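One structure is given below, encoded as structure tokens.
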Amino acid sequence: MLSSDPRGIGRGLSTELLLHRLRGSSALSPAEIELVLSLGEQPKFHAPGTTICPHEDGSPHPRLIVGGWACRPRILPDGRRQMLGLLLPGDLMGDRGERRPLALNPVIALTVVRTIGVGRLVQAIRTRPEEYAGIARALAAFERGEEMVLLDHVVRLGCQNAPQRLSHLLLELYHRLSAIGFVHNGSFPMPLTQDALGELLGLSLVHVNRIVAQLRREKIVSIRSGVVTVENFAKLALLGDRADPTRAGAVA
């Protein structure tokens, strides 16, 4: 289903990644920073294709991805799978007390995934909201971001043709991975096979292969060995009907 070498994904990320993301959305007090850094438990490993959330007992324990890629799928009775979106390092999963349908949806590992539990953080916010108001604001911003990504995905599947879908997705991934330091000179890891891209974008394997070849031929994007290199952001943004992230003031 997926390439076995997710280059650049198996970095030693832990609570510092969560702290970086939280600080990007809200100012944190010294007590809040201390709480986040105290979560550094030994990561749990999840093999590709296994369910990360909900837990074996059915409870959707909140966890943080510190390495690897996962997805939220919906699986039809005939076995077909539609991915609702991707989860990347730094993303949270599971119920954080709101019982939101998106948070309760199963999460499946696409590569080898490493996670740590963030239940103590969630519990602290519930019991002492005034003490951890900065974290609460940041998590609310995360939830808004998740919903925006899902809305973008609906538009992608409902309104865009095949080349537009892939271009739109690549720009989204560039934006999300850039925020956690995984983009270097226009290149970023994408450990997805063309089969997986087809499930995500609602396209056949043949169609995905054709589009990847087209983008490479037109010197817009190259995808090799699990690494995407964007060669022409302006053309990619025009094709994907999305803002060019390299332009000042661009909104992804």
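Here, A, B, ... name the chains of the structure tokens in the order displayed, residue numbers run from 1 inside each chain, and ligands are numbered from 1 in the same displayed order.
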Could you make a table, as CSV, of the residues of range 132-202 of chain A that have an atom within 8 Å of an atom of range 106-126 of chain A, each with its nearest atom pair and distance in Å to one decimal, counting only C-alpha atoms, in chain and number order?
```
residue,atom,partner,partner_atom,distance
A:Tyr132,CA,A:Ile125,CA,5.8
A:Ala133,CA,A:Ile125,CA,7.6
A:Ile135,CA,A:Ile125,CA,7.7
A:Ala136,CA,A:Ile125,CA,6.6
A:Pro191,CA,A:Thr111,CA,7.4
A:Leu192,CA,A:Leu110,CA,7.9
```
Find the residues near range 74-78 of chain A: any atom within 9 Å, counting only C-alpha atoms, skip ones fewer than 4 places away on the same chain, and give them as an MDAnalysis selection string.
chainID A and resid 82:84 105:106
Within range 122-233 of chain A, find each residue whose DSSP state, derived from the backbone, is strand (DSSP E or B), and express the selection as a list in words.
His184, Ser187, Phe188, Pro189, Val221, Ser222, Ile223, Arg224, Val227, Val228, Thr229 and Val230 of chain A
Contact residues around Gly198 in chain A with only C-alpha atoms at 7 Å, ignoring same-chain residues under 6 positions, as a VMD selection string
chain A and resid 204 to 205 208
Take the residues from that selection and put them in a file with C-alpha atoms, as a short mmCIF file (atom, residue, chain, number, x, y, z; two decimals), in the first residue's frame.
```
data_model
loop_
_atom_site.label_atom_id
_atom_site.label_comp_id
_atom_site.auth_asym_id
_atom_site.auth_seq_id
_atom_site.Cartn_x
_atom_site.Cartn_y
_atom_site.Cartn_z
CA SER A 204 -7.52 5.08 -10.22
CA LEU A 205 -3.89 3.98 -10.09
CA VAL A 208 -2.56 8.94 -10.67
#
```
Which polymer residues have any atom within 9 Å of an atom of range 173-180 of chain A, counting only C-alpha atoms, with same-chain residues fewer than 6 positions away left out, as a ChimeraX atom specification?
/A:17,20-21,24,88-90,186-190,245,252
Selection to disk with all heavy atoms, as a short mmCIF file (atom, residue, chain, number, x, y, z; two decimals), in the first residue's frame:
```
data_model
loop_
_atom_site.label_atom_id
_atom_site.label_comp_id
_atom_site.auth_asym_id
_atom_site.auth_seq_id
_atom_site.Cartn_x
_atom_site.Cartn_y
_atom_site.Cartn_z
N LEU A 17 7.90 18.94 19.52
CA LEU A 17 7.10 19.21 18.32
C LEU A 17 5.73 19.74 18.72
O LEU A 17 5.23 20.70 18.12
CB LEU A 17 6.96 17.93 17.50
CG LEU A 17 6.10 18.01 16.23
CD1 LEU A 17 6.58 19.12 15.31
CD2 LEU A 17 6.12 16.67 15.50
N HIS A 20 6.12 23.27 19.88
CA HIS A 20 6.30 24.17 18.74
C HIS A 20 4.96 24.50 18.10
O HIS A 20 4.68 25.67 17.79
CB HIS A 20 7.23 23.51 17.72
CG HIS A 20 7.39 24.29 16.45
ND1 HIS A 20 8.17 25.42 16.36
CD2 HIS A 20 6.86 24.09 15.22
CE1 HIS A 20 8.11 25.90 15.13
NE2 HIS A 20 7.33 25.10 14.42
N ARG A 21 4.13 23.50 17.90
CA ARG A 21 2.82 23.74 17.29
C ARG A 21 1.92 24.57 18.19
O ARG A 21 1.21 25.48 17.73
CB ARG A 21 2.13 22.41 16.98
CG ARG A 21 2.73 21.65 15.80
CD ARG A 21 1.69 20.71 15.21
NE ARG A 21 0.57 21.43 14.64
CZ ARG A 21 -0.65 20.92 14.47
NH1 ARG A 21 -0.91 19.67 14.86
NH2 ARG A 21 -1.62 21.63 13.94
N GLY A 24 2.84 28.14 18.14
CA GLY A 24 2.50 28.79 16.89
C GLY A 24 1.07 29.29 16.86
O GLY A 24 0.71 30.10 15.99
N LEU A 88 -0.17 13.87 10.19
CA LEU A 88 1.27 14.00 10.06
C LEU A 88 1.91 14.16 11.44
O LEU A 88 1.21 14.36 12.43
CB LEU A 88 1.61 15.21 9.19
CG LEU A 88 0.85 15.34 7.86
CD1 LEU A 88 1.26 16.64 7.16
CD2 LEU A 88 1.07 14.14 6.98
N PRO A 89 3.24 14.09 11.53
CA PRO A 89 3.89 14.35 12.82
C PRO A 89 3.45 15.69 13.41
O PRO A 89 3.37 16.70 12.71
CB PRO A 89 5.38 14.36 12.46
CG PRO A 89 5.47 13.45 11.28
CD PRO A 89 4.22 13.69 10.50
N GLY A 90 3.14 15.69 14.69
CA GLY A 90 2.64 16.89 15.34
C GLY A 90 1.14 16.96 15.42
O GLY A 90 0.59 17.83 16.12
N GLY A 186 12.24 23.44 -1.15
CA GLY A 186 11.12 23.05 -1.99
C GLY A 186 10.83 21.56 -2.00
O GLY A 186 9.94 21.12 -2.73
N SER A 187 11.53 20.78 -1.19
CA SER A 187 11.32 19.33 -1.14
C SER A 187 10.76 18.92 0.22
O SER A 187 11.11 19.51 1.24
CB SER A 187 12.63 18.58 -1.39
OG SER A 187 13.13 18.82 -2.69
N PHE A 188 9.90 17.92 0.19
CA PHE A 188 9.34 17.41 1.43
C PHE A 188 9.01 15.93 1.27
O PHE A 188 8.79 15.45 0.16
CB PHE A 188 8.09 18.19 1.84
CG PHE A 188 6.98 18.21 0.82
CD1 PHE A 188 6.02 17.20 0.78
CD2 PHE A 188 6.89 19.24 -0.10
CE1 PHE A 188 4.99 17.23 -0.15
CE2 PHE A 188 5.86 19.28 -1.03
CZ PHE A 188 4.91 18.27 -1.06
N PRO A 189 9.01 15.18 2.39
CA PRO A 189 8.71 13.75 2.31
C PRO A 189 7.22 13.51 2.09
O PRO A 189 6.36 14.22 2.63
CB PRO A 189 9.15 13.22 3.68
CG PRO A 189 8.99 14.41 4.59
CD PRO A 189 9.34 15.61 3.75
N MET A 190 6.91 12.51 1.28
CA MET A 190 5.53 12.07 1.10
C MET A 190 5.55 10.56 0.88
O MET A 190 5.62 10.07 -0.25
CB MET A 190 4.86 12.76 -0.10
CG MET A 190 3.36 12.42 -0.21
SD MET A 190 2.54 13.21 -1.62
CE MET A 190 3.27 12.28 -2.98
N PRO A 245 2.42 29.16 -1.72
CA PRO A 245 2.93 29.39 -0.36
C PRO A 245 4.25 30.12 -0.31
O PRO A 245 4.68 30.55 0.76
CB PRO A 245 3.07 27.96 0.20
CG PRO A 245 3.28 27.11 -1.00
CD PRO A 245 2.45 27.75 -2.09
N ALA A 252 -2.54 29.62 2.73
CA ALA A 252 -2.70 28.27 2.19
C ALA A 252 -4.13 27.79 2.34
O ALA A 252 -4.84 28.22 3.23
CB ALA A 252 -1.75 27.32 2.91
#
```
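Take the candidates A:Leu92, A:Leu203, A:Leu239, A:Ala162 and check each one against Gly145 in chain A using only C-alpha atoms; the shortest distance goes to A:Leu92.
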What is the CA of Leu37 in chain A-CA of Ser25 in chain A distance in Å, reported with one decimal?
17.0 Å
Which of range 26-130 of chain A counts as alpha helix (DSSP H) under DSSP, as a list in words please?
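DSSP on the backbone gives alpha helix (DSSP H) at Pro30, Ala31, Glu32, Ile33, Glu34, Leu35, Val36, Leu37, Pro101, Leu102, Ala103, Leu104, Gly119, Arg120, Leu121, Val122, Gln123, Ala124, Ile125, Arg126 and Thr127 of chain A.
Taking CA of Ile211 in chain A and CA of Asn161 in chain A as the two end points, the separation is 10.7 Å.
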Min atom-atom distance to Leu157 in chain A from the set A:Pro101, A:Gly85, A:Gly181, A:Pro48, counting only C-alpha atoms, belongs to A:Gly85
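Here CA of Val183 in chain A and CA of Thr246 in chain A stand 12.0 Å from one another.
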